[in-house]
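Note: the block below is target36.txt and it holds compact mmCIF, C-alpha atoms.
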```txt
# COMPACT_ATOMS: atom_id res chain seq x y z
CA MET A 1 19.29 17.33 38.68
CA SER A 2 16.75 16.26 36.07
CA GLU A 3 16.51 12.63 35.07
CA ALA A 4 17.72 11.73 31.57
CA LEU A 5 14.99 10.84 29.11
CA PRO A 6 14.92 7.27 27.74
CA PRO A 7 15.99 6.79 24.10
CA SER A 8 12.43 6.03 22.98
CA ARG A 9 11.22 9.33 24.43
CA LEU A 10 14.05 11.26 22.79
CA ALA A 11 13.28 9.59 19.45
CA TRP A 12 9.61 10.57 19.77
CA LEU A 13 10.51 14.19 20.53
CA ARG A 14 12.77 14.30 17.46
CA PHE A 15 10.10 12.68 15.31
CA LYS A 16 7.49 15.28 16.33
CA GLN A 17 9.77 17.99 14.97
CA HIS A 18 9.47 16.46 11.50
CA ARG A 19 6.13 17.96 10.48
CA LEU A 20 5.95 16.30 7.07
CA ALA A 21 6.52 12.91 8.69
CA LEU A 22 3.65 13.56 11.11
CA VAL A 23 1.34 14.47 8.23
CA ALA A 24 2.49 11.38 6.33
CA ALA A 25 1.79 9.19 9.37
CA PHE A 26 -1.72 10.63 9.62
CA VAL A 27 -2.34 10.00 5.90
CA LEU A 28 -1.13 6.39 6.17
CA VAL A 29 -3.26 5.73 9.24
CA ALA A 30 -6.27 7.08 7.36
CA LEU A 31 -5.49 4.87 4.34
CA TYR A 32 -5.12 1.72 6.42
CA VAL A 33 -8.28 2.46 8.42
CA THR A 34 -10.07 2.95 5.11
CA ALA A 35 -8.73 -0.36 3.83
CA ILE A 36 -9.88 -2.19 6.96
CA ALA A 37 -13.36 -0.62 6.85
CA CYS A 38 -13.82 -0.72 3.07
CA GLU A 39 -17.03 -2.82 3.30
CA PHE A 40 -18.57 -0.07 5.40
CA LEU A 41 -17.18 2.95 3.54
CA ALA A 42 -17.80 1.72 -0.03
CA PRO A 43 -21.36 2.32 -1.26
CA TYR A 44 -21.29 -0.76 -3.53
CA GLU A 45 -19.71 -4.16 -3.83
CA PRO A 46 -16.58 -4.11 -6.04
CA ASP A 47 -18.21 -6.18 -8.83
CA GLN A 48 -21.68 -4.61 -8.65
CA ARG A 49 -22.65 -3.17 -12.02
CA ASN A 50 -24.85 -0.26 -13.02
CA SER A 51 -26.02 -0.67 -16.59
CA ARG A 52 -27.43 2.88 -16.59
CA ALA A 53 -23.97 4.41 -16.09
CA ILE A 54 -21.32 2.84 -18.30
CA ASN A 55 -18.06 4.82 -18.30
CA ALA A 56 -19.88 7.61 -16.48
CA PRO A 57 -17.80 10.53 -15.13
CA PRO A 58 -17.57 11.34 -11.41
CA MET A 59 -20.73 12.74 -9.87
CA THR A 60 -20.89 15.97 -7.89
CA LEU A 61 -22.33 16.32 -4.41
CA HIS A 62 -24.65 19.33 -4.21
CA PHE A 63 -25.47 21.12 -0.98
CA THR A 64 -28.14 23.34 -2.52
CA ASN A 65 -31.53 22.26 -3.80
CA GLN A 66 -33.25 23.21 -7.04
CA VAL A 67 -34.27 26.64 -5.73
CA GLY A 68 -30.76 27.41 -4.45
CA ASP A 69 -31.39 26.96 -0.73
CA TRP A 70 -28.46 25.63 1.31
CA GLN A 71 -28.89 22.27 3.01
CA LEU A 72 -26.57 20.17 5.11
CA ARG A 73 -27.65 16.87 3.58
CA PRO A 74 -26.03 16.48 0.13
CA ILE A 75 -27.92 15.42 -2.98
CA VAL A 76 -26.83 14.05 -6.33
CA TYR A 77 -28.55 14.42 -9.67
CA GLN A 78 -28.87 11.32 -11.79
CA TYR A 79 -27.28 11.29 -15.21
CA LYS A 80 -29.15 11.77 -18.42
CA LEU A 81 -27.62 9.64 -21.16
CA THR A 82 -27.38 10.84 -24.75
CA ILE A 83 -25.54 9.38 -27.72
CA ASP A 84 -23.47 11.65 -29.93
CA PRO A 85 -24.85 11.09 -33.47
CA ASP A 86 -21.44 11.68 -35.06
CA SER A 87 -19.06 9.72 -32.81
CA TRP A 88 -21.61 7.39 -31.17
CA MET A 89 -20.01 8.17 -27.83
CA ARG A 90 -21.94 8.19 -24.58
CA GLN A 91 -22.52 11.62 -23.09
CA TYR A 92 -23.72 12.12 -19.55
CA LYS A 93 -25.30 15.27 -18.17
CA GLU A 94 -26.88 15.91 -14.80
CA ASP A 95 -30.67 15.70 -14.89
CA PHE A 96 -31.77 18.38 -12.44
CA THR A 97 -35.30 16.97 -12.43
CA ARG A 98 -34.07 13.74 -10.77
CA PRO A 99 -32.45 14.61 -7.42
CA HIS A 100 -31.58 11.90 -4.90
CA ALA A 101 -30.62 12.62 -1.32
CA VAL A 102 -27.52 10.94 0.10
CA ASN A 103 -28.35 8.81 3.14
CA PHE A 104 -25.78 7.92 5.80
CA PHE A 105 -25.40 4.78 7.93
CA VAL A 106 -27.82 2.73 5.85
CA LYS A 107 -28.45 -0.94 6.60
CA GLN A 108 -28.49 -3.20 3.53
CA ASP A 109 -28.51 -6.94 2.90
CA THR A 110 -24.70 -6.94 2.76
CA GLY A 111 -24.36 -4.91 5.97
CA TYR A 112 -24.19 -1.25 6.92
CA ARG A 113 -22.99 1.33 4.43
CA PHE A 114 -21.57 4.70 5.35
CA PHE A 115 -23.51 6.40 2.59
CA THR A 116 -25.81 5.54 -0.29
CA VAL A 117 -28.78 7.10 -2.08
CA ASP A 118 -32.51 6.48 -2.15
CA ASP A 119 -33.88 3.45 -3.95
CA GLY A 120 -33.78 3.89 -7.70
CA GLY A 121 -30.80 6.22 -7.65
CA TYR A 122 -27.06 5.81 -7.72
CA VAL A 123 -23.96 7.72 -6.64
CA HIS A 124 -20.53 7.34 -8.26
CA LEU A 125 -18.05 9.80 -6.73
CA PHE A 126 -15.16 8.58 -8.90
CA GLY A 127 -17.28 7.59 -11.91
CA THR A 128 -17.67 4.10 -13.34
CA ASP A 129 -15.64 1.80 -15.58
CA SER A 130 -16.52 0.08 -18.85
CA LEU A 131 -18.72 -2.44 -17.04
CA GLY A 132 -20.55 0.14 -14.94
CA ARG A 133 -18.73 -0.72 -11.71
CA ASP A 134 -18.23 2.04 -9.15
CA VAL A 135 -14.59 3.18 -9.23
CA PHE A 136 -14.77 4.69 -5.73
CA SER A 137 -15.82 1.37 -4.22
CA ARG A 138 -13.23 -0.56 -6.21
CA VAL A 139 -10.45 1.81 -5.11
CA LEU A 140 -11.40 1.27 -1.46
CA TYR A 141 -11.49 -2.51 -1.86
CA GLY A 142 -8.25 -2.41 -3.85
CA SER A 143 -6.51 -0.52 -1.06
CA ARG A 144 -6.86 -3.58 1.17
CA VAL A 145 -4.84 -5.74 -1.22
CA SER A 146 -2.26 -3.15 -2.29
CA LEU A 147 -1.54 -1.85 1.21
CA SER A 148 -1.45 -5.28 2.84
CA ILE A 149 0.84 -6.79 0.21
CA GLY A 150 3.42 -4.14 1.08
CA VAL A 151 3.30 -4.91 4.80
CA ILE A 152 3.30 -8.70 4.40
CA GLY A 153 6.08 -8.55 1.82
CA VAL A 154 8.24 -6.37 4.05
CA LEU A 155 7.67 -8.66 7.04
CA LEU A 156 8.99 -11.56 4.97
CA THR A 157 11.87 -9.39 3.79
CA LEU A 158 12.74 -8.49 7.37
CA PHE A 159 12.62 -12.13 8.40
CA PHE A 160 15.01 -13.24 5.64
CA GLY A 161 17.27 -10.20 6.05
CA LEU A 162 17.57 -10.38 9.82
CA MET A 163 17.98 -14.13 10.00
CA LEU A 164 20.42 -14.65 7.14
CA GLY A 165 22.33 -11.40 7.61
CA GLY A 166 22.37 -11.77 11.39
CA PHE A 167 23.73 -15.31 11.47
CA ALA A 168 26.19 -14.53 8.67
CA GLY A 169 27.64 -11.64 10.66
CA TYR A 170 27.56 -13.45 14.00
CA LEU A 171 28.88 -16.87 12.94
CA GLY A 172 31.16 -15.84 10.05
CA GLY A 173 33.13 -18.52 8.25
CA ILE A 174 31.26 -20.88 5.92
CA VAL A 175 27.85 -19.43 6.83
CA ASP A 176 29.00 -15.90 6.03
CA ASN A 177 30.54 -16.97 2.72
CA ALA A 178 27.42 -18.90 1.67
CA VAL A 179 25.09 -16.00 2.48
CA GLN A 180 27.35 -13.46 0.73
CA ARG A 181 27.55 -15.56 -2.43
CA LEU A 182 23.76 -16.00 -2.43
CA ILE A 183 23.29 -12.24 -2.07
CA GLU A 184 25.71 -11.56 -4.92
CA VAL A 185 23.85 -13.98 -7.20
CA LEU A 186 20.45 -12.46 -6.41
CA GLN A 187 21.67 -8.87 -6.75
CA SER A 188 23.25 -9.62 -10.12
CA MET A 189 19.87 -10.55 -11.59
CA PRO A 190 17.68 -7.84 -13.19
CA THR A 191 14.82 -7.49 -10.74
CA LEU A 192 11.85 -6.49 -12.89
CA PRO A 193 12.36 -9.07 -15.69
CA LEU A 194 12.87 -11.74 -13.04
CA TRP A 195 9.70 -10.69 -11.23
CA MET A 196 7.85 -10.79 -14.53
CA GLY A 197 9.11 -14.24 -15.38
CA LEU A 198 8.31 -15.76 -12.00
CA SER A 199 4.88 -14.08 -11.84
CA ALA A 200 4.02 -15.32 -15.32
CA ALA A 201 4.97 -18.82 -14.16
CA LEU A 202 2.25 -18.81 -11.48
CA PRO A 203 -0.46 -21.29 -12.52
CA ALA A 204 -3.49 -19.58 -13.98
CA ALA A 205 -5.70 -22.06 -12.14
CA TRP A 206 -4.56 -20.78 -8.75
CA SER A 207 -7.21 -19.18 -6.57
CA PRO A 208 -7.03 -15.40 -6.02
CA LEU A 209 -5.74 -15.98 -2.49
CA ALA A 210 -2.97 -18.31 -3.69
CA ALA A 211 -1.98 -15.85 -6.42
CA TYR A 212 -1.88 -13.07 -3.82
CA PHE A 213 0.56 -14.95 -1.60
CA GLY A 214 2.54 -16.09 -4.63
CA VAL A 215 3.15 -12.52 -5.78
CA THR A 216 3.97 -11.49 -2.20
CA LEU A 217 6.61 -14.22 -1.89
CA ILE A 218 8.15 -13.26 -5.23
CA LEU A 219 8.41 -9.60 -4.23
CA SER A 220 9.92 -10.39 -0.83
CA PHE A 221 12.34 -13.08 -2.03
CA PHE A 222 14.48 -10.51 -3.85
CA GLY A 223 14.06 -7.63 -1.38
CA TRP A 224 16.02 -8.93 1.60
CA THR A 225 19.55 -8.77 0.20
CA THR A 226 20.30 -5.09 1.00
CA LEU A 227 18.98 -5.41 4.54
CA ALA A 228 20.95 -8.63 5.05
CA ARG A 229 24.23 -6.91 4.20
CA GLN A 230 23.45 -4.02 6.52
CA VAL A 231 22.59 -6.43 9.33
CA ARG A 232 25.76 -8.45 8.67
CA GLY A 233 27.95 -5.37 8.96
CA ARG A 234 26.24 -4.30 12.16
CA PHE A 235 26.53 -7.75 13.71
CA LEU A 236 30.22 -7.98 12.82
CA SER A 237 30.79 -4.93 15.01
CA LEU A 238 28.48 -6.16 17.79
CA ARG A 239 29.60 -9.76 18.20
CA ASP A 240 32.69 -8.78 20.22
CA GLU A 241 30.86 -6.33 22.49
CA ASP A 242 30.86 -7.08 26.22
CA PHE A 243 27.14 -7.86 26.47
CA VAL A 244 27.36 -10.39 23.61
CA VAL A 245 30.43 -12.07 25.11
CA ALA A 246 28.69 -12.19 28.51
CA ALA A 247 25.62 -13.82 26.96
CA ARG A 248 27.79 -16.49 25.33
CA LEU A 249 29.65 -17.16 28.59
CA THR A 250 26.37 -17.75 30.42
CA GLY A 251 25.59 -20.57 27.99
CA ALA A 252 23.08 -18.81 25.73
CA SER A 253 22.58 -20.46 22.34
CA ASN A 254 23.50 -18.70 19.12
CA THR A 255 19.84 -18.21 18.28
CA ARG A 256 19.16 -16.59 21.65
CA VAL A 257 22.20 -14.34 21.41
CA VAL A 258 21.14 -13.12 17.96
CA LEU A 259 17.42 -12.69 18.64
CA LYS A 260 17.49 -11.59 22.27
CA HIS A 261 20.62 -9.48 22.51
CA MET A 262 21.77 -8.35 19.05
CA VAL A 263 18.61 -7.78 16.99
CA PRO A 264 17.13 -5.26 19.51
CA ASN A 265 20.25 -3.11 19.08
CA PHE A 266 19.44 -2.92 15.37
CA MET A 267 15.69 -2.44 15.75
CA SER A 268 15.51 1.33 15.09
CA HIS A 269 17.32 0.94 11.78
CA THR A 270 15.19 -2.10 10.98
CA ILE A 271 11.94 -0.16 11.44
CA THR A 272 13.21 2.66 9.24
CA THR A 273 14.34 0.22 6.54
CA ALA A 274 10.97 -1.53 6.62
CA THR A 275 9.09 1.74 6.27
CA LEU A 276 11.14 2.74 3.24
CA ALA A 277 10.81 -0.75 1.70
CA ILE A 278 7.00 -0.90 1.74
CA PRO A 279 6.60 1.56 -1.21
CA ALA A 280 8.87 -0.65 -3.33
CA MET A 281 6.63 -3.63 -2.60
CA ILE A 282 3.50 -1.66 -3.49
CA LEU A 283 5.07 -0.40 -6.73
CA GLY A 284 6.25 -3.91 -7.57
CA GLU A 285 2.74 -5.34 -7.21
CA THR A 286 1.31 -2.43 -9.17
CA ALA A 287 3.77 -2.89 -12.04
CA LEU A 288 3.18 -6.65 -12.28
CA SER A 289 -0.61 -6.33 -12.06
CA PHE A 290 -0.65 -3.45 -14.56
CA LEU A 291 1.24 -5.63 -17.03
CA GLY A 292 -1.25 -8.45 -16.45
CA ILE A 293 1.22 -10.92 -14.92
CA GLY A 294 0.66 -10.17 -11.24
CA LEU A 295 -2.68 -10.26 -9.52
CA ARG A 296 -5.58 -10.94 -11.85
CA PRO A 297 -9.33 -10.26 -11.74
CA PRO A 298 -11.51 -10.96 -9.81
CA VAL A 299 -8.85 -9.77 -7.31
CA VAL A 300 -9.16 -6.01 -6.91
CA SER A 301 -5.96 -4.04 -6.31
CA TRP A 302 -4.76 -0.65 -7.45
CA GLY A 303 -2.53 -2.28 -10.05
CA VAL A 304 -5.41 -4.38 -11.39
CA LEU A 305 -7.60 -1.27 -11.62
CA LEU A 306 -4.94 0.53 -13.66
CA GLN A 307 -5.06 -2.22 -16.29
CA GLN A 308 -8.07 -0.44 -17.78
CA ALA A 309 -5.98 2.68 -18.47
CA GLN A 310 -3.33 1.11 -20.68
CA ASN A 311 -3.95 3.05 -23.88
CA TYR A 312 -4.18 6.69 -24.82
CA GLN A 313 -7.78 6.52 -26.04
CA VAL A 314 -9.07 5.25 -22.71
CA ILE A 315 -7.15 7.92 -20.81
CA VAL A 316 -8.57 10.69 -23.00
CA MET A 317 -12.16 9.42 -22.88
CA THR A 318 -12.24 8.24 -19.24
CA PRO A 319 -9.44 9.97 -17.30
CA TRP A 320 -11.05 9.09 -13.96
CA LEU A 321 -9.78 5.52 -14.42
CA LEU A 322 -6.35 6.91 -13.44
CA ILE A 323 -7.59 7.75 -9.92
CA PRO A 324 -6.07 4.52 -8.44
CA GLY A 325 -2.69 5.80 -9.64
CA LEU A 326 -3.19 8.96 -7.55
CA PHE A 327 -3.66 6.82 -4.45
CA ILE A 328 -0.46 4.94 -5.27
CA VAL A 329 1.49 8.21 -5.61
CA VAL A 330 0.12 9.56 -2.30
CA THR A 331 0.90 6.30 -0.49
CA VAL A 332 4.47 6.08 -1.80
CA ILE A 333 5.21 9.72 -0.94
CA ALA A 334 3.72 9.28 2.53
CA PHE A 335 5.84 6.20 3.26
CA ASN A 336 8.99 7.94 2.06
CA LEU A 337 8.31 10.99 4.23
CA LEU A 338 7.53 8.77 7.22
CA GLY A 339 10.74 6.82 6.64
CA ASP A 340 12.76 10.05 6.54
CA GLY A 341 11.19 11.13 9.82
CA LEU A 342 11.89 7.80 11.50
CA ARG A 343 15.47 7.82 10.24
CA ASP A 344 16.06 11.30 11.62
CA ALA A 345 14.47 10.31 14.94
CA ALA A 346 16.46 7.08 15.27
CA ASP A 347 19.75 8.65 14.20
CA PRO A 348 20.18 12.19 15.58
CA TYR A 349 23.46 12.55 13.65
CA HIS A 350 21.82 11.91 10.29
CA THR A 351 22.44 14.86 7.98
CA GLY A 352 19.01 14.77 6.30
CA GLY A 353 17.02 17.98 6.67
CA GLN A 354 13.84 18.32 8.67
CA SER A 355 10.79 20.34 7.81
```
Let's see the structure in the file written out as structure tokens.
Amino acid sequence: MSEALPPSRLAWLRFKQHRLALVAAFVLVALYVTAIACEFLAPYEPDQRNSRAINAPPMTLHFTNQVGDWQLRPIVYQYKLTIDPDSWMRQYKEDFTRPHAVNFFVKQDTGYRFFTVDDGGYVHLFGTDSLGRDVFSRVLYGSRVSLSIGVIGVLLTLFFGLMLGGFAGYLGGIVDNAVQRLIEVLQSMPTLPLWMGLSAALPAAWSPLAAYFGVTLILSFFGWTTLARQVRGRFLSLRDEDFVVAARLTGASNTRVVLKHMVPNFMSHTITTATLAIPAMILGETALSFLGIGLRPPVVSWGVLLQQAQNYQVIVMTPWLLIPGLFIVVTVIAFNLLGDGLRDAADPYHTGGQS
């Protein structure tokens, strides 16, 4: 008779059947690896300016030379700047007399770069902004802030939700009433206006690092209430189980009973909840930074980058400044798909469909 598979193995087998979740997991791993290695992958520093390419459109990598022969090493053609005599707008066209080969694994004063071009040239795969800064490099550097603020915010949310909800459900009485009243007060407040007010109250003299943690705390402080109620309900049903009663009879403290015996029984749901909560944190930071009351320059995040695309004229003239928004959309969709896959894997009786 075959041995029964452990729950973790069964969950993994169910998760592998969710193809969209697997793709989403791969995309998220790639995004986080990119964020960690942004100094290596980005061809320029985030604040490095190129005065020869102001609001320049994305450049094209060519794998054929001037005579049309195929080559494995890509080249880029530098831009030729002209000024429209009627509108006085900058116009960029590729100058096919000025090719520059793309070099890989180049050592510079700031460290190794995955790719760059020969001296005297430049490469801007996502174009440049109004100050001539490379949008591709700034998107990579911004991913580190935007992706990390979601993880750190959710970790704080999990801490508050598990601790307050867990002890409220386990102890009951005054503790339960106090936590429930606090949750009701916080949930009755409009989230976005409250975020805006608290973010605007952050001192302008704070360093970028302090502002980063300030926004993270604000986002997490109001995100734990739903999880806390779910944990409370689960702990109300668990506190009279045999293993919990046995732990109490052996003299285990309340903290040990909650953390050692009860929280692990809720871990699969906790992981799923955390995965689905990260997109809300990322969107919250993006909204606050886009409105100018979250993270502020010189901090580089996807929300800060989208500040430059706040009016119709900018969007029409330089649509590539919306590229950070595309990364936000992809990240949010990937987290939602991954959360669906984890939920289906953790709960085989969940009615959600699989792909």
Please write as a short mmCIF file (atom, residue, chain, number, x, y, z; two decimals) with C-alpha atoms, in the coordinates of the input the list of polymer residues whose atoms come within 12 Å of (20.3, -7.1, 0.6), counting all atoms listed in the file and keeping to the coordinates of the file.
```
data_model
loop_
_atom_site.label_atom_id
_atom_site.label_comp_id
_atom_site.auth_asym_id
_atom_site.auth_seq_id
_atom_site.Cartn_x
_atom_site.Cartn_y
_atom_site.Cartn_z
CA THR A 157 11.87 -9.39 3.79
CA LEU A 158 12.74 -8.49 7.37
CA PHE A 160 15.01 -13.24 5.64
CA GLY A 161 17.27 -10.20 6.05
CA LEU A 162 17.57 -10.38 9.82
CA MET A 163 17.98 -14.13 10.00
CA LEU A 164 20.42 -14.65 7.14
CA GLY A 165 22.33 -11.40 7.61
CA GLY A 166 22.37 -11.77 11.39
CA VAL A 179 25.09 -16.00 2.48
CA GLN A 180 27.35 -13.46 0.73
CA ARG A 181 27.55 -15.56 -2.43
CA LEU A 182 23.76 -16.00 -2.43
CA ILE A 183 23.29 -12.24 -2.07
CA GLU A 184 25.71 -11.56 -4.92
CA VAL A 185 23.85 -13.98 -7.20
CA LEU A 186 20.45 -12.46 -6.41
CA GLN A 187 21.67 -8.87 -6.75
CA SER A 188 23.25 -9.62 -10.12
CA SER A 220 9.92 -10.39 -0.83
CA PHE A 221 12.34 -13.08 -2.03
CA PHE A 222 14.48 -10.51 -3.85
CA GLY A 223 14.06 -7.63 -1.38
CA TRP A 224 16.02 -8.93 1.60
CA THR A 225 19.55 -8.77 0.20
CA THR A 226 20.30 -5.09 1.00
CA LEU A 227 18.98 -5.41 4.54
CA ALA A 228 20.95 -8.63 5.05
CA ARG A 229 24.23 -6.91 4.20
CA GLN A 230 23.45 -4.02 6.52
CA VAL A 231 22.59 -6.43 9.33
CA ARG A 232 25.76 -8.45 8.67
CA GLY A 233 27.95 -5.37 8.96
CA THR A 273 14.34 0.22 6.54
CA ALA A 277 10.81 -0.75 1.70
#
```
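Reported to one decimal place, the separation of CA of Ala42 (chain A) from CA of Leu140 (chain A) is 6.6 Å.
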Might I get the box with edges along x, y and z of the file that holds all atoms of region 202-209 of chain A listed there, padded by 6 Å on every side, given as centre and edge lengths in Å to one decimal, as JSON?
```
{"center_x": -2.5, "center_y": -18.7, "center_z": -8.2, "size_x": 21.5, "size_y": 18.7, "size_z": 23.5}
```
To one decimal place in Å, what is the distance between CA of Glu45 (chain A) and CA of Thr97 (chain A)? 27.6 Å
Shell around Pro99 (chain A) at 10 Å using all atoms listed in the file, local window under 5 positions removed, as a count of residues only: 12
If we count all atoms listed in the file and set the cut-off at 9 Å, which residues sit around Val139 (chain A), ignoring sequence neighbours fewer than 3 positions away in its own chain? Please answer as a PyMOL selection string. chain A and resi 42+46+134-136+142-143+300-302+305+323-324+327
Nearest to Ile282 (chain A), chosen from A:Leu125, A:Val145, A:Leu10, A:Val263, with only C-alpha atoms counted in the distances: A:Val145
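Residues within 12 Å of Arg248 (chain A), counting all atoms listed in the file and excluding same-chain residues fewer than 4 positions away, are A:Tyr170, A:Arg239, A:Asp240, A:Glu241, A:Asp242, A:Phe243, A:Val244, A:Ala252, A:Ser253, A:Asn254, A:Thr255, A:Arg256, A:Val257, A:Val258, A:Lys260, A:His261, A:Met262.
Separating CA of Gly294 (chain A) from CA of Tyr212 (chain A) is a distance of 8.4 Å.
With only C-alpha atoms as the atoms that count, the minimum distance from Phe167 (chain A) to the choices A:Trp195, A:Phe235, A:Trp70, A:Tyr141 is reached by A:Phe235.
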Test item: residues at most 7 Å from Met281 (chain A), only C-alpha atoms, excluding those fewer than 2 positions along its chain, as a PyMOL selection string: chain A and resi 150+153+219+277-279+283-285
Would you put the residues from that selection into a file with C-alpha atoms, as an mmCIF file, in the frame of the given file?
```cif
data_model
loop_
_atom_site.group_PDB
_atom_site.id
_atom_site.type_symbol
_atom_site.label_atom_id
_atom_site.label_comp_id
_atom_site.auth_asym_id
_atom_site.auth_seq_id
_atom_site.Cartn_x
_atom_site.Cartn_y
_atom_site.Cartn_z
ATOM 1 C CA GLY A 150 3.420 -4.140 1.080
ATOM 2 C CA GLY A 153 6.080 -8.550 1.820
ATOM 3 C CA LEU A 219 8.410 -9.600 -4.230
ATOM 4 C CA ALA A 277 10.810 -0.750 1.700
ATOM 5 C CA ILE A 278 7.000 -0.900 1.740
ATOM 6 C CA PRO A 279 6.600 1.560 -1.210
ATOM 7 C CA LEU A 283 5.070 -0.400 -6.730
ATOM 8 C CA GLY A 284 6.250 -3.910 -7.570
ATOM 9 C CA GLU A 285 2.740 -5.340 -7.210
#
```
Compile the contact shell of Thr82 (chain A) as a list in words: residues with an atom at most 9 Å away, counting only C-alpha atoms, same-chain residues fewer than 3 positions apart removed. Met89, Arg90, Gln91, Tyr92 and Lys93 of chain A
Would you output that residue set with C-alpha atoms, as a PDB file, keeping the file's coordinate frame?
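Contents of the output file again.pdb:
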```
ATOM      1  CA  MET A  89     -20.010   8.170 -27.830  1.00  0.00           C
ATOM      2  CA  ARG A  90     -21.940   8.190 -24.580  1.00  0.00           C
ATOM      3  CA  GLN A  91     -22.520  11.620 -23.090  1.00  0.00           C
ATOM      4  CA  TYR A  92     -23.720  12.120 -19.550  1.00  0.00           C
ATOM      5  CA  LYS A  93     -25.300  15.270 -18.170  1.00  0.00           C
TER       6      LYS A  93
END
```
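Of the residues listed (A:Ile328, A:Leu81, A:Ile293, A:Leu13), A:Ile293 shows the shortest atom-to-atom separation from Ala204 (chain A); distances use all atoms listed in the file.
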Pick out the closest residue to Ala24 (chain A) from this set: A:Ser237, A:Gln313, A:Thr64, A:Thr275. Count all atoms listed in the file. A:Thr275
